[in-house]
file input.csv (CSV, C-alpha atoms and all ligand atoms)
chain,number,residue,atom,x,y,z
L,1,MET,CA,66.3,76.0,132.4
L,2,ALA,CA,66.0,79.7,132.0
L,3,VAL,CA,63.3,80.3,129.5
L,4,HIS,CA,61.0,82.4,131.7
L,5,THR,CA,59.0,83.7,128.7
L,6,LYS,CA,58.1,81.6,125.8
L,7,VAL,CA,58.7,83.2,122.4
L,8,ALA,CA,56.6,82.0,119.4
L,9,PHE,CA,58.5,81.2,116.3
L,10,ALA,CA,56.4,83.6,114.2
L,11,ASP,CA,57.2,86.5,116.6
L,12,ALA,CA,60.9,85.8,116.5
L,13,ALA,CA,60.8,85.5,112.7
L,14,THR,CA,59.1,88.9,112.5
L,15,LEU,CA,61.8,90.4,114.7
L,16,VAL,CA,64.6,88.8,112.6
L,17,ALA,CA,62.9,90.3,109.4
L,18,GLY,CA,63.6,93.8,110.8
L,19,TYR,CA,67.4,93.1,110.8
L,20,ARG,CA,69.8,92.3,108.0
L,21,LEU,CA,69.9,88.7,109.0
L,22,GLY,CA,67.9,86.9,106.3
L,23,THR,CA,65.3,84.5,107.6
L,24,LEU,CA,64.9,82.6,110.8
L,25,ASN,CA,65.4,78.9,110.5
L,26,VAL,CA,65.5,77.6,114.0
L,27,LEU,CA,64.6,79.0,117.4
L,28,THR,CA,66.1,77.3,120.4
L,29,GLY,CA,65.6,78.1,124.1
L,30,ILE,CA,68.9,78.2,126.1
L,31,ASP,CA,68.8,76.2,129.3
L,32,GLN,CA,71.8,77.9,131.1
L,33,GLY,CA,71.4,81.1,133.2
L,34,ILE,CA,68.7,82.0,135.7
L,35,GLU,CA,68.0,85.7,135.3
L,36,ASN,CA,66.9,86.4,131.8
L,37,THR,CA,65.3,84.5,128.9
L,38,ASN,CA,67.8,83.6,126.2
L,39,TYR,CA,67.2,82.0,122.8
L,40,ARG,CA,69.6,81.0,120.0
L,41,LEU,CA,68.3,82.2,116.7
L,42,ASP,CA,69.7,80.3,113.7
L,43,THR,CA,69.2,82.7,110.8
L,44,SER,CA,70.3,82.4,107.2
L,45,GLY,CA,72.9,85.1,108.2
L,46,GLY,CA,74.3,82.9,111.0
L,47,PRO,CA,73.4,82.4,114.7
L,48,VAL,CA,72.5,85.3,117.0
L,49,LEU,CA,71.4,85.6,120.6
L,50,LEU,CA,67.9,86.9,121.6
L,51,THR,CA,67.7,88.1,125.2
L,52,LEU,CA,64.5,89.1,126.9
L,53,PHE,CA,65.2,91.2,130.0
L,54,GLU,CA,63.3,89.8,133.0
L,55,ARG,CA,62.5,91.0,136.5
L,56,ARG,CA,65.9,92.0,138.0
L,57,THR,CA,66.8,94.2,135.0
L,58,ASN,CA,65.1,97.6,135.2
L,59,GLY,CA,63.8,98.6,131.7
L,60,ASP,CA,65.0,102.2,132.2
L,61,ASP,CA,68.6,100.9,132.4
L,62,LEU,CA,68.6,99.2,129.1
L,63,PRO,CA,69.8,102.1,126.9
L,64,TRP,CA,72.7,102.3,129.4
L,65,LEU,CA,73.4,98.6,129.0
L,66,ILE,CA,73.5,99.0,125.2
L,67,ALA,CA,75.9,102.0,125.5
L,68,LEU,CA,78.1,99.8,127.7
L,69,HIS,CA,78.2,97.0,125.2
L,70,ASP,CA,79.0,99.5,122.4
L,71,HIS,CA,81.7,101.1,124.4
L,72,LEU,CA,83.5,97.8,125.2
L,73,ALA,CA,83.1,96.4,121.7
L,74,SER,CA,84.5,99.6,120.1
L,75,ARG,CA,87.6,99.2,122.3
L,76,GLY,CA,88.2,95.6,121.3
L,77,ILE,CA,86.9,93.9,124.4
L,78,ALA,CA,85.4,90.6,123.5
L,79,VAL,CA,81.7,91.1,124.3
L,80,PRO,CA,78.7,90.2,122.2
L,81,PRO,CA,78.0,93.2,119.9
L,82,VAL,CA,74.5,94.6,120.1
L,83,LEU,CA,72.8,94.2,116.7
L,84,ARG,CA,70.9,97.2,115.2
L,85,ALA,CA,67.6,96.8,113.3
L,86,ASP,CA,67.2,98.4,109.9
L,87,ASP,CA,65.7,101.5,111.6
L,88,GLY,CA,68.8,101.7,113.9
L,89,ALA,CA,67.0,100.5,117.1
L,90,ALA,CA,68.9,98.3,119.5
L,91,LEU,CA,65.9,97.5,121.7
L,92,SER,CA,62.6,96.0,120.8
L,93,THR,CA,59.7,94.3,122.6
L,94,ILE,CA,58.8,90.7,122.2
L,95,ALA,CA,56.3,88.6,124.1
L,96,GLY,CA,55.7,91.8,126.1
L,97,LYS,CA,59.3,92.0,127.4
L,98,PRO,CA,62.1,94.4,126.4
L,99,ALA,CA,64.5,92.5,124.2
L,100,ALA,CA,67.7,92.8,122.2
L,101,LEU,CA,69.7,90.8,119.6
L,102,PHE,CA,73.4,90.2,120.2
L,103,GLY,CA,76.2,88.7,118.1
L,104,TRP,CA,76.9,85.0,118.8
L,105,LEU,CA,80.2,84.2,120.5
L,106,GLU,CA,82.3,81.2,119.7
L,107,GLY,CA,82.9,78.6,122.4
L,108,ALA,CA,81.0,77.6,125.5
L,109,ALA,CA,80.3,79.1,128.9
L,110,ILE,CA,82.8,77.8,131.5
L,111,ASP,CA,81.7,75.2,134.0
L,112,ASP,CA,84.6,73.9,136.0
L,113,PRO,CA,87.5,76.4,135.3
L,114,THR,CA,91.0,75.3,134.5
L,115,LEU,CA,94.0,77.3,135.8
L,116,GLY,CA,94.5,78.7,132.3
L,117,GLN,CA,90.9,79.9,132.2
L,118,CYS,CA,91.3,81.5,135.7
L,119,ALA,CA,94.3,83.4,134.4
L,120,GLY,CA,92.5,84.4,131.2
L,121,ALA,CA,89.4,85.6,133.1
L,122,GLY,CA,91.6,87.7,135.4
L,123,GLU,CA,93.3,89.2,132.4
L,124,ALA,CA,90.0,89.8,130.6
L,125,LEU,CA,88.6,91.5,133.7
L,126,GLY,CA,91.7,93.7,133.9
L,127,ARG,CA,91.5,94.7,130.3
L,128,MET,CA,87.8,95.4,130.7
L,129,HIS,CA,88.5,97.7,133.6
L,130,ARG,CA,91.1,99.5,131.5
L,131,ALA,CA,88.6,100.1,128.8
L,132,LEU,CA,85.9,101.2,131.3
L,133,ALA,CA,88.1,103.9,132.7
L,134,ALA,CA,86.9,106.1,129.8
L,135,PHE,CA,83.2,105.1,130.2
L,136,ALA,CA,81.5,108.2,131.7
L,137,LEU,CA,77.9,107.0,132.1
L,138,ALA,CA,77.2,105.8,135.6
L,139,ARG,CA,74.5,103.3,136.7
L,140,ARG,CA,73.9,102.8,140.4
L,141,ASN,CA,74.4,99.2,141.7
L,142,PRO,CA,70.9,97.5,141.6
L,143,GLN,CA,72.3,94.7,143.8
L,144,GLY,CA,74.4,96.9,146.1
L,145,ARG,CA,74.3,97.7,149.8
L,146,ASP,CA,70.8,99.1,149.8
L,147,ALA,CA,69.5,95.9,148.2
L,148,TRP,CA,71.3,93.7,150.7
L,149,HIS,CA,69.7,95.6,153.6
L,150,ASP,CA,66.3,95.3,151.9
L,151,LEU,CA,66.6,91.6,151.3
L,152,ALA,CA,68.0,90.8,154.7
L,153,GLY,CA,65.1,92.8,156.2
L,154,ARG,CA,62.5,91.2,154.0
L,155,TYR,CA,63.5,87.5,154.6
L,156,GLY,CA,64.7,88.0,158.2
L,157,GLU,CA,63.9,84.9,160.3
L,158,ARG,CA,63.2,82.9,157.1
L,159,LEU,CA,66.9,82.8,156.5
L,160,ASP,CA,67.1,80.4,159.5
L,161,GLU,CA,65.0,77.9,157.5
L,162,LEU,CA,68.1,77.6,155.2
L,163,GLN,CA,70.5,77.1,158.1
L,164,PRO,CA,69.8,77.8,161.8
L,165,GLY,CA,71.6,81.0,162.8
L,166,LEU,CA,71.9,82.3,159.3
L,167,LYS,CA,70.0,85.5,160.0
L,168,ALA,CA,72.5,86.4,162.8
L,169,ILE,CA,75.4,85.7,160.5
L,170,VAL,CA,73.9,87.9,157.8
L,171,ASP,CA,73.2,90.7,160.3
L,172,THR,CA,76.7,90.6,161.6
L,173,ALA,CA,78.2,90.6,158.2
L,174,LEU,CA,76.1,93.5,157.0
L,175,ALA,CA,77.1,95.6,160.1
L,176,ARG,CA,80.8,94.9,159.5
L,177,ILE,CA,80.5,95.6,155.7
L,178,GLU,CA,78.8,99.0,156.5
L,179,ALA,CA,81.4,99.9,159.1
L,180,GLU,CA,84.4,99.0,157.0
L,181,TRP,CA,83.1,99.7,153.4
L,182,PRO,CA,86.1,101.1,151.5
L,183,ALA,CA,84.3,104.0,149.9
L,184,GLU,CA,87.6,105.8,149.3
L,185,LEU,CA,88.8,103.2,146.8
L,186,PRO,CA,88.6,103.9,143.0
L,187,HIS,CA,85.2,103.5,141.6
L,188,ALA,CA,84.4,102.5,138.0
L,189,THR,CA,81.8,100.7,135.9
L,190,ILE,CA,82.2,97.0,136.8
L,191,HIS,CA,80.6,93.7,135.6
L,192,ALA,CA,79.5,92.7,139.1
L,193,ASP,CA,78.5,89.1,138.1
L,194,LEU,CA,81.5,87.6,136.3
L,195,PHE,CA,80.9,83.9,137.3
L,196,PRO,CA,82.5,81.2,135.1
L,197,ASP,CA,79.1,80.8,133.4
L,198,ASN,CA,79.4,84.4,132.2
L,199,VAL,CA,82.7,83.8,130.5
L,200,MET,CA,82.9,82.0,127.1
L,201,ALA,CA,86.0,80.0,126.2
L,202,VAL,CA,87.5,77.6,123.6
L,203,GLY,CA,89.9,75.5,125.7
L,204,ASP,CA,91.9,78.0,127.8
L,205,SER,CA,91.3,80.9,125.4
L,206,ILE,CA,88.6,83.3,126.6
L,207,THR,CA,86.3,84.2,123.7
L,208,GLY,CA,84.1,86.7,125.4
L,209,LEU,CA,82.4,88.1,128.5
L,210,ILE,CA,78.6,88.0,128.6
L,211,ASP,CA,75.7,89.1,130.8
L,212,PHE,CA,76.2,92.7,131.8
L,213,ALA,CA,72.7,92.8,133.4
L,214,PHE,CA,74.2,93.8,136.8
L,215,ALA,CA,77.0,96.1,135.5
L,216,CYS,CA,77.1,99.3,137.6
L,217,HIS,CA,79.2,102.0,139.0
L,218,GLU,CA,80.9,100.6,142.1
L,219,VAL,CA,84.1,100.1,144.0
L,220,ARG,CA,86.3,98.7,141.2
L,221,ALA,CA,88.0,96.1,143.3
L,222,TYR,CA,84.6,94.7,144.2
L,223,ASP,CA,84.5,93.2,140.7
L,224,LEU,CA,87.7,91.2,141.4
L,225,ALA,CA,86.1,90.1,144.7
L,226,VAL,CA,83.0,88.9,143.0
L,227,THR,CA,85.1,87.0,140.4
L,228,HIS,CA,87.3,85.6,143.1
L,229,ALA,CA,84.3,84.4,145.1
L,230,ALA,CA,82.8,82.8,142.0
L,231,TRP,CA,85.9,81.1,140.6
L,232,CYS,CA,88.2,80.2,143.5
L,233,PHE,CA,86.3,77.8,145.7
L,234,ASP,CA,85.3,74.1,145.7
L,235,ALA,CA,81.8,73.3,144.6
L,236,ASP,CA,80.1,73.7,148.0
L,237,GLY,CA,82.1,76.9,148.8
L,238,THR,CA,84.0,75.5,151.8
L,239,CYS,CA,87.6,75.5,150.6
L,240,LEU,CA,89.6,78.2,148.8
L,241,LEU,CA,91.4,76.8,145.8
L,242,ALA,CA,94.7,78.6,146.2
L,243,ASP,CA,96.0,77.8,142.7
L,244,ARG,CA,92.9,79.2,141.0
L,245,SER,CA,93.1,82.3,143.3
L,246,ALA,CA,96.8,82.9,142.3
L,247,ALA,CA,96.1,82.4,138.6
L,248,LEU,CA,93.1,84.8,138.6
L,249,VAL,CA,94.8,87.5,140.7
L,250,ASP,CA,98.0,87.3,138.7
L,251,GLY,CA,96.1,87.6,135.4
L,252,TYR,CA,94.3,90.7,136.8
L,253,GLU,CA,97.6,92.2,138.0
L,254,ARG,CA,99.2,91.7,134.5
L,255,ALA,CA,96.3,93.4,132.7
L,256,HIS,CA,95.4,96.1,135.2
L,257,GLY,CA,97.2,96.0,138.5
L,258,LEU,CA,95.9,96.4,142.1
L,259,LEU,CA,96.6,99.3,144.5
L,260,PRO,CA,97.9,98.2,147.9
L,261,GLU,CA,94.6,99.6,149.4
L,262,GLU,CA,92.6,97.5,147.0
L,263,ARG,CA,94.5,94.4,147.9
L,264,ALA,CA,94.0,95.1,151.6
L,265,ALA,CA,90.2,95.5,151.1
L,266,LEU,CA,89.7,92.2,149.2
L,267,PRO,CA,88.7,90.1,152.2
L,268,LEU,CA,86.0,92.6,153.1
L,269,LEU,CA,84.9,92.9,149.5
L,270,GLY,CA,84.8,89.1,149.3
L,271,MET,CA,82.5,89.1,152.3
L,272,ALA,CA,80.3,91.7,150.5
L,273,ALA,CA,80.3,89.6,147.3
L,274,SER,CA,79.4,86.5,149.2
L,275,LEU,CA,76.5,88.3,151.0
L,276,ARG,CA,75.2,89.6,147.7
L,277,PHE,CA,74.9,86.1,146.2
L,278,LEU,CA,73.8,84.5,149.4
L,279,LEU,CA,70.8,87.0,149.6
L,280,THR,CA,69.8,86.9,146.0
L,281,ARG,CA,70.0,83.1,145.9
L,282,ALA,CA,67.9,83.0,149.1
L,283,GLU,CA,65.3,85.3,147.5
L,284,ASP,CA,65.2,82.9,144.5
L,285,TRP,CA,65.1,79.9,146.8
L,286,PHE,CA,62.0,81.1,148.6
L,287,ALA,CA,60.3,82.1,145.4
L,288,TRP,CA,61.1,78.9,143.5
L,289,ARG,CA,58.4,76.8,142.0
L,290,ASP,CA,59.1,73.5,140.3
L,291,ASP,CA,56.9,74.3,137.4
L,292,ILE,CA,59.1,77.2,136.2
L,293,GLY,CA,61.9,74.9,135.3
L,294,VAL,CA,64.7,77.2,136.6
L,295,THR,CA,67.5,75.4,138.5
L,296,ARG,CA,67.8,77.0,141.9
L,297,LYS,CA,71.2,77.8,143.1
L,298,ASP,CA,72.4,77.0,146.7
L,299,PRO,CA,72.5,80.1,148.9
L,300,LEU,CA,74.6,78.2,151.5
L,301,ALA,CA,77.5,77.8,149.1
L,302,PHE,CA,77.9,81.6,149.6
L,303,ALA,CA,77.3,81.5,153.4
L,304,ARG,CA,80.4,79.2,153.5
L,305,ARG,CA,82.4,81.7,151.4
L,306,LEU,CA,81.2,84.5,153.6
L,307,ARG,CA,82.6,82.7,156.6
L,308,PHE,CA,85.9,82.1,154.8
L,309,TYR,CA,86.4,85.8,153.8
L,310,ALA,CA,85.3,87.0,157.3
L,311,ALA,CA,88.3,85.2,158.8
L,312,ALA,CA,90.8,85.7,155.9
L,313,SER,CA,93.7,88.2,155.5
L,314,SER,CA,94.6,89.5,152.0
L,315,GLU,CA,97.7,87.3,152.2
L,316,ASP,CA,95.5,84.3,152.7
L,317,LEU,CA,93.8,85.2,149.4
L,318,MET,CA,96.7,86.4,147.3
L,319,GLY,CA,100.0,85.6,149.0
L,320,PRO,CA,102.4,88.2,150.3
L,321,THR,CA,102.0,91.8,149.2
L,322,PRO,CA,104.6,92.7,146.5
L,323,GLN,CA,107.2,95.2,147.8
Z,401,LIG,N1,76.5,86.1,122.9
Z,401,LIG,C1,76.4,84.8,123.1
Z,401,LIG,N2,76.8,83.9,122.3
Z,401,LIG,C2,76.7,82.6,122.5
Z,401,LIG,N3,76.1,82.1,123.6
Z,401,LIG,C3,75.6,82.9,124.5
Z,401,LIG,C4,75.7,84.3,124.3
Z,401,LIG,N4,75.2,84.9,125.4
Z,401,LIG,C5,74.7,84.0,126.2
Z,401,LIG,N5,75.0,82.8,125.7
Z,401,LIG,C6,74.6,81.4,126.2
Z,401,LIG,O1,73.4,81.6,127.0
Z,401,LIG,C7,73.7,81.2,128.4
Z,401,LIG,C8,72.9,82.1,129.3
Z,401,LIG,O2,73.3,83.5,129.2
Z,401,LIG,P1,73.4,84.5,130.4
Z,401,LIG,O3,74.4,84.0,131.4
Z,401,LIG,O4,73.5,85.8,129.9
Z,401,LIG,O5,71.9,84.3,131.0
Z,401,LIG,P2,71.3,84.9,132.4
Z,401,LIG,O6,70.0,84.2,132.6
Z,401,LIG,O7,71.2,86.3,132.3
Z,401,LIG,O8,72.4,84.4,133.4
Z,401,LIG,P3,72.8,84.5,134.9
Z,401,LIG,O9,72.0,83.5,135.6
Z,401,LIG,O10,74.3,84.3,134.9
Z,401,LIG,O11,72.5,85.9,135.3
Z,401,LIG,C9,75.2,81.3,128.6
Z,401,LIG,O12,75.6,80.4,129.5
Z,401,LIG,C10,75.7,80.9,127.2
Z,401,LIG,O13,75.7,79.5,127.1
Z,402,LIG,N1,75.6,84.6,139.1
Z,402,LIG,C1,74.5,84.6,140.1
Z,402,LIG,C2,73.1,84.8,139.4
Z,402,LIG,C3,72.9,86.2,139.0
Z,402,LIG,O1,72.5,87.0,140.0
Z,402,LIG,C4,74.5,83.4,141.0
Z,402,LIG,O2,75.2,82.4,140.6
Z,402,LIG,O3,73.9,83.4,142.0
call {"tool": "encode", "arguments": {"input": "input.csv", "output": "structure tokens", "more": "lines below"}}
Ligand SMILES: Nc1ncnc2c1ncn2[C@@H]1O[C@H](COP(=O)(O)OP(=O)(O)OP(=O)(O)O)[C@@H](O)[C@H]1O
Ligand SMILES: N[C@@H](CCO)C(=O)O
result
Amino acid sequence: MAVHTKVAFADAATLVAGYRLGTLNVLTGIDQGIENTNYRLDTSGGPVLLTLFERRTNGDDLPWLIALHDHLASRGIAVPPVLRADDGAALSTIAGKPAALFGWLEGAAIDDPTLGQCAGAGEALGRMHRALAAFALARRNPQGRDAWHDLAGRYGERLDELQPGLKAIVDTALARIEAEWPAELPHATIHADLFPDNVMAVGDSITGLIDFAFACHEVRAYDLAVTHAAWCFDADGTCLLADRSAALVDGYERAHGLLPEERAALPLLGMAASLRFLLTRAEDWFAWRDDIGVTRKDPLAFARRLRFYAAASSEDLMGPTPQ
């Protein structure tokens, strides 16, 4: 479960009193997620989400994150609205951590996506990219190429504890990604972590996109590659699920469209996305302690995806290029 920081009921009640939410009735830690601490706050004004931003979110970036939520919400993109306290503040401190309250979204985070949810997520991603074309504030990617080099250097030989030969696989992938990185493709603010568990749905209908903690200015098509890597493989990451892939990419094409150069770069961007999650999961794996209660995620599921993308063509991922 991801409650890294315990929040006392009295502290949460004091926080709630500073908003137009009435009183706090129930405080419930949320098990899902690994990065931040989340609580559901049942208030007399209805449920809201309390997020405490933990180690991978730089506190200096939080005003930017709030501006991003405001921008998307004001353009009709279904994201949790940031609530303002009576004094207008969006950010506060609770249990020593920076925190914010967000509107509660209907539905549940997706676990095992249906084809309808894949299509809906592709469309939602495309609509979000349209809305973000007018978002001028840039944040550098905190989990981008510099971070991958740093993590690969830091864990080096230890990667071979996860799988013999993994260090060499990572080094080879990093070198290829550096050599072929499509820096000339359009850049934009992207979500950068749109896993199924960051998309809320009721049935096949998407009710919202959550968890913008890694949003950043990056190659725009990298966002589709992250989403593709997260949604379109079997559980252990060995096999591409072609019907999910087609549904996701078609949804994105309908809502936004892909340039031929973006389409051509998707295998390399899929390698990059796989490397990102392989390395951050490896970091979490080595740091894991069973008393923290956070479920550790399998880094090797992304080593398998990395192998797939390294050998794939864009037709393998998306079918023939439209003429
Ligand atoms: N606005 C919201 N409304 C309702 N439920 C939410 C909302 N935001 C988050 N949740 C619930 O909290 C869970 C954890 O949220 P989130 O994914 O943001 O956590 P995280 O630790 O930052 O995650 P990750 O490990 O994906 O980085 C979600 O799976 C969802 O069930
Ligand atoms: N979505 C990520 C966690 C956030 O970095 C993962 O599944 O590894």
call {"tool": "closest_residue", "arguments": {"input": "input.csv", "among": "L:Ala124, L:Ala310, L:Ala301, L:Leu266", "to": "ligand LIG 402 (chain Z)", "atoms": "all atoms listed in the file"}}
result
L:Ala301
call {"tool": "closest_residue", "arguments": {"input": "input.csv", "among": "L:Gly46, L:Gly88, L:Pro142, L:Gly33", "to": "Asp61 in chain L", "atoms": "all atoms listed in the file"}}
result
L:Pro142
call {"tool": "closest_residue", "arguments": {"input": "input.csv", "among": "L:Thr280, L:Asn198, L:Thr189, L:Thr28", "to": "ligand LIG 401 (chain Z)", "atoms": "all atoms listed in the file"}}
result
L:Asn198
call {"tool": "residues_around", "arguments": {"input": "input.csv", "residues": "Arg154 in chain L", "least_positions_apart": "2", "cutoff": "12 Å", "atoms": "only C-alpha atoms", "output": "PyMOL selection string"}}
result
chain L and resi 147-152+156-159+167+279-280+282-283+286
call {"tool": "residues_near_ligand", "arguments": {"input": "input.csv", "ligand": "ligand LIG 401 (chain Z)", "cutoff": "8 Å", "atoms": "all atoms listed in the file", "output": "PyMOL selection string"}}
result
chain L and resi 2+30-40+48-49+51+79-81+102-110+193+195+197-200+210-213
call {"tool": "atom_distance", "arguments": {"input": "input.csv", "atom1": "CA of Glu54 in chain L", "atom2": "CA of Leu224 in chain L"}}
result
25.8 Å
call {"tool": "residues_around", "arguments": {"input": "input.csv", "residues": "Pro196 in chain L", "least_positions_apart": "4", "cutoff": "10 Å", "atoms": "all atoms listed in the file", "output": "number ranges by chain"}}
result
L: 109-113, 117-118, 121, 200-201, 209, 227, 230-231
call {"tool": "atom_distance", "arguments": {"input": "input.csv", "atom1": "CA of Ala215 in chain L", "atom2": "CA of Ile190 in chain L"}}
result
5.4 Å
call {"tool": "atom_distance", "arguments": {"input": "input.csv", "atom1": "CA of Thr114 in chain L", "atom2": "CA of Tyr252 in chain L"}}
result
15.9 Å
call {"tool": "residues_around", "arguments": {"input": "input.csv", "residues": "Gly319 in chain L", "least_positions_apart": "3", "cutoff": "10 Å", "atoms": "all atoms listed in the file", "output": "number ranges by chain"}}
result
L: 242, 245-246, 249, 313-316, 322
call {"tool": "write_last_selection", "arguments": {"input": "input.csv", "atoms": "C-alpha atoms", "output": "mmCIF file, keeping the file's coordinate frame"}}
result
data_model
loop_
_atom_site.group_PDB
_atom_site.id
_atom_site.type_symbol
_atom_site.label_atom_id
_atom_site.label_comp_id
_atom_site.auth_asym_id
_atom_site.auth_seq_id
_atom_site.Cartn_x
_atom_site.Cartn_y
_atom_site.Cartn_z
ATOM 1 C CA ALA L 242 94.700 78.600 146.200
ATOM 2 C CA SER L 245 93.100 82.300 143.300
ATOM 3 C CA ALA L 246 96.800 82.900 142.300
ATOM 4 C CA VAL L 249 94.800 87.500 140.700
ATOM 5 C CA SER L 313 93.700 88.200 155.500
ATOM 6 C CA SER L 314 94.600 89.500 152.000
ATOM 7 C CA GLU L 315 97.700 87.300 152.200
ATOM 8 C CA ASP L 316 95.500 84.300 152.700
ATOM 9 C CA PRO L 322 104.600 92.700 146.500
#
call {"tool": "build_atoms", "arguments": {"input": "input.csv", "residues": "range 303-319 of chain L", "atoms": "N, CA and C atoms", "output": "short mmCIF file (atom, residue, chain, number, x, y, z; two decimals), in the coordinates of the input"}}
result
data_model
loop_
_atom_site.label_atom_id
_atom_site.label_comp_id
_atom_site.auth_asym_id
_atom_site.auth_seq_id
_atom_site.Cartn_x
_atom_site.Cartn_y
_atom_site.Cartn_z
N ALA L 303 77.17 81.31 151.90
CA ALA L 303 77.30 81.50 153.40
C ALA L 303 78.68 80.93 153.79
N ARG L 304 79.10 79.83 153.14
CA ARG L 304 80.40 79.20 153.50
C ARG L 304 81.54 80.17 153.03
N ARG L 305 81.41 80.73 151.84
CA ARG L 305 82.40 81.70 151.40
C ARG L 305 82.47 82.90 152.31
N LEU L 306 81.30 83.36 152.73
CA LEU L 306 81.20 84.50 153.60
C LEU L 306 82.05 84.21 154.90
N ARG L 307 81.88 83.01 155.43
CA ARG L 307 82.60 82.70 156.60
C ARG L 307 84.13 82.65 156.34
N PHE L 308 84.50 82.15 155.16
CA PHE L 308 85.90 82.10 154.80
C PHE L 308 86.49 83.54 154.77
N TYR L 309 85.84 84.43 154.01
CA TYR L 309 86.40 85.80 153.80
C TYR L 309 86.41 86.56 155.17
N ALA L 310 85.41 86.29 156.03
CA ALA L 310 85.30 87.00 157.30
C ALA L 310 86.58 86.75 158.15
N ALA L 311 87.17 85.55 157.96
CA ALA L 311 88.30 85.20 158.80
C ALA L 311 89.64 85.34 158.02
N ALA L 312 89.58 85.75 156.74
CA ALA L 312 90.80 85.70 155.90
C ALA L 312 91.54 87.06 155.95
N SER L 313 92.85 86.98 155.69
CA SER L 313 93.70 88.20 155.50
C SER L 313 93.89 88.28 153.95
N SER L 314 94.36 89.43 153.48
CA SER L 314 94.60 89.50 152.00
C SER L 314 95.74 88.59 151.63
N GLU L 315 96.68 88.30 152.55
CA GLU L 315 97.70 87.30 152.20
C GLU L 315 97.14 85.92 152.05
N ASP L 316 96.12 85.60 152.84
CA ASP L 316 95.50 84.30 152.70
C ASP L 316 94.91 84.15 151.27
N LEU L 317 94.41 85.27 150.72
CA LEU L 317 93.80 85.20 149.40
C LEU L 317 94.81 85.25 148.28
N MET L 318 95.86 86.07 148.46
CA MET L 318 96.70 86.40 147.30
C MET L 318 98.20 86.20 147.56
N GLY L 319 98.58 85.67 148.71
CA GLY L 319 100.00 85.60 149.00
C GLY L 319 100.51 86.92 149.49
#
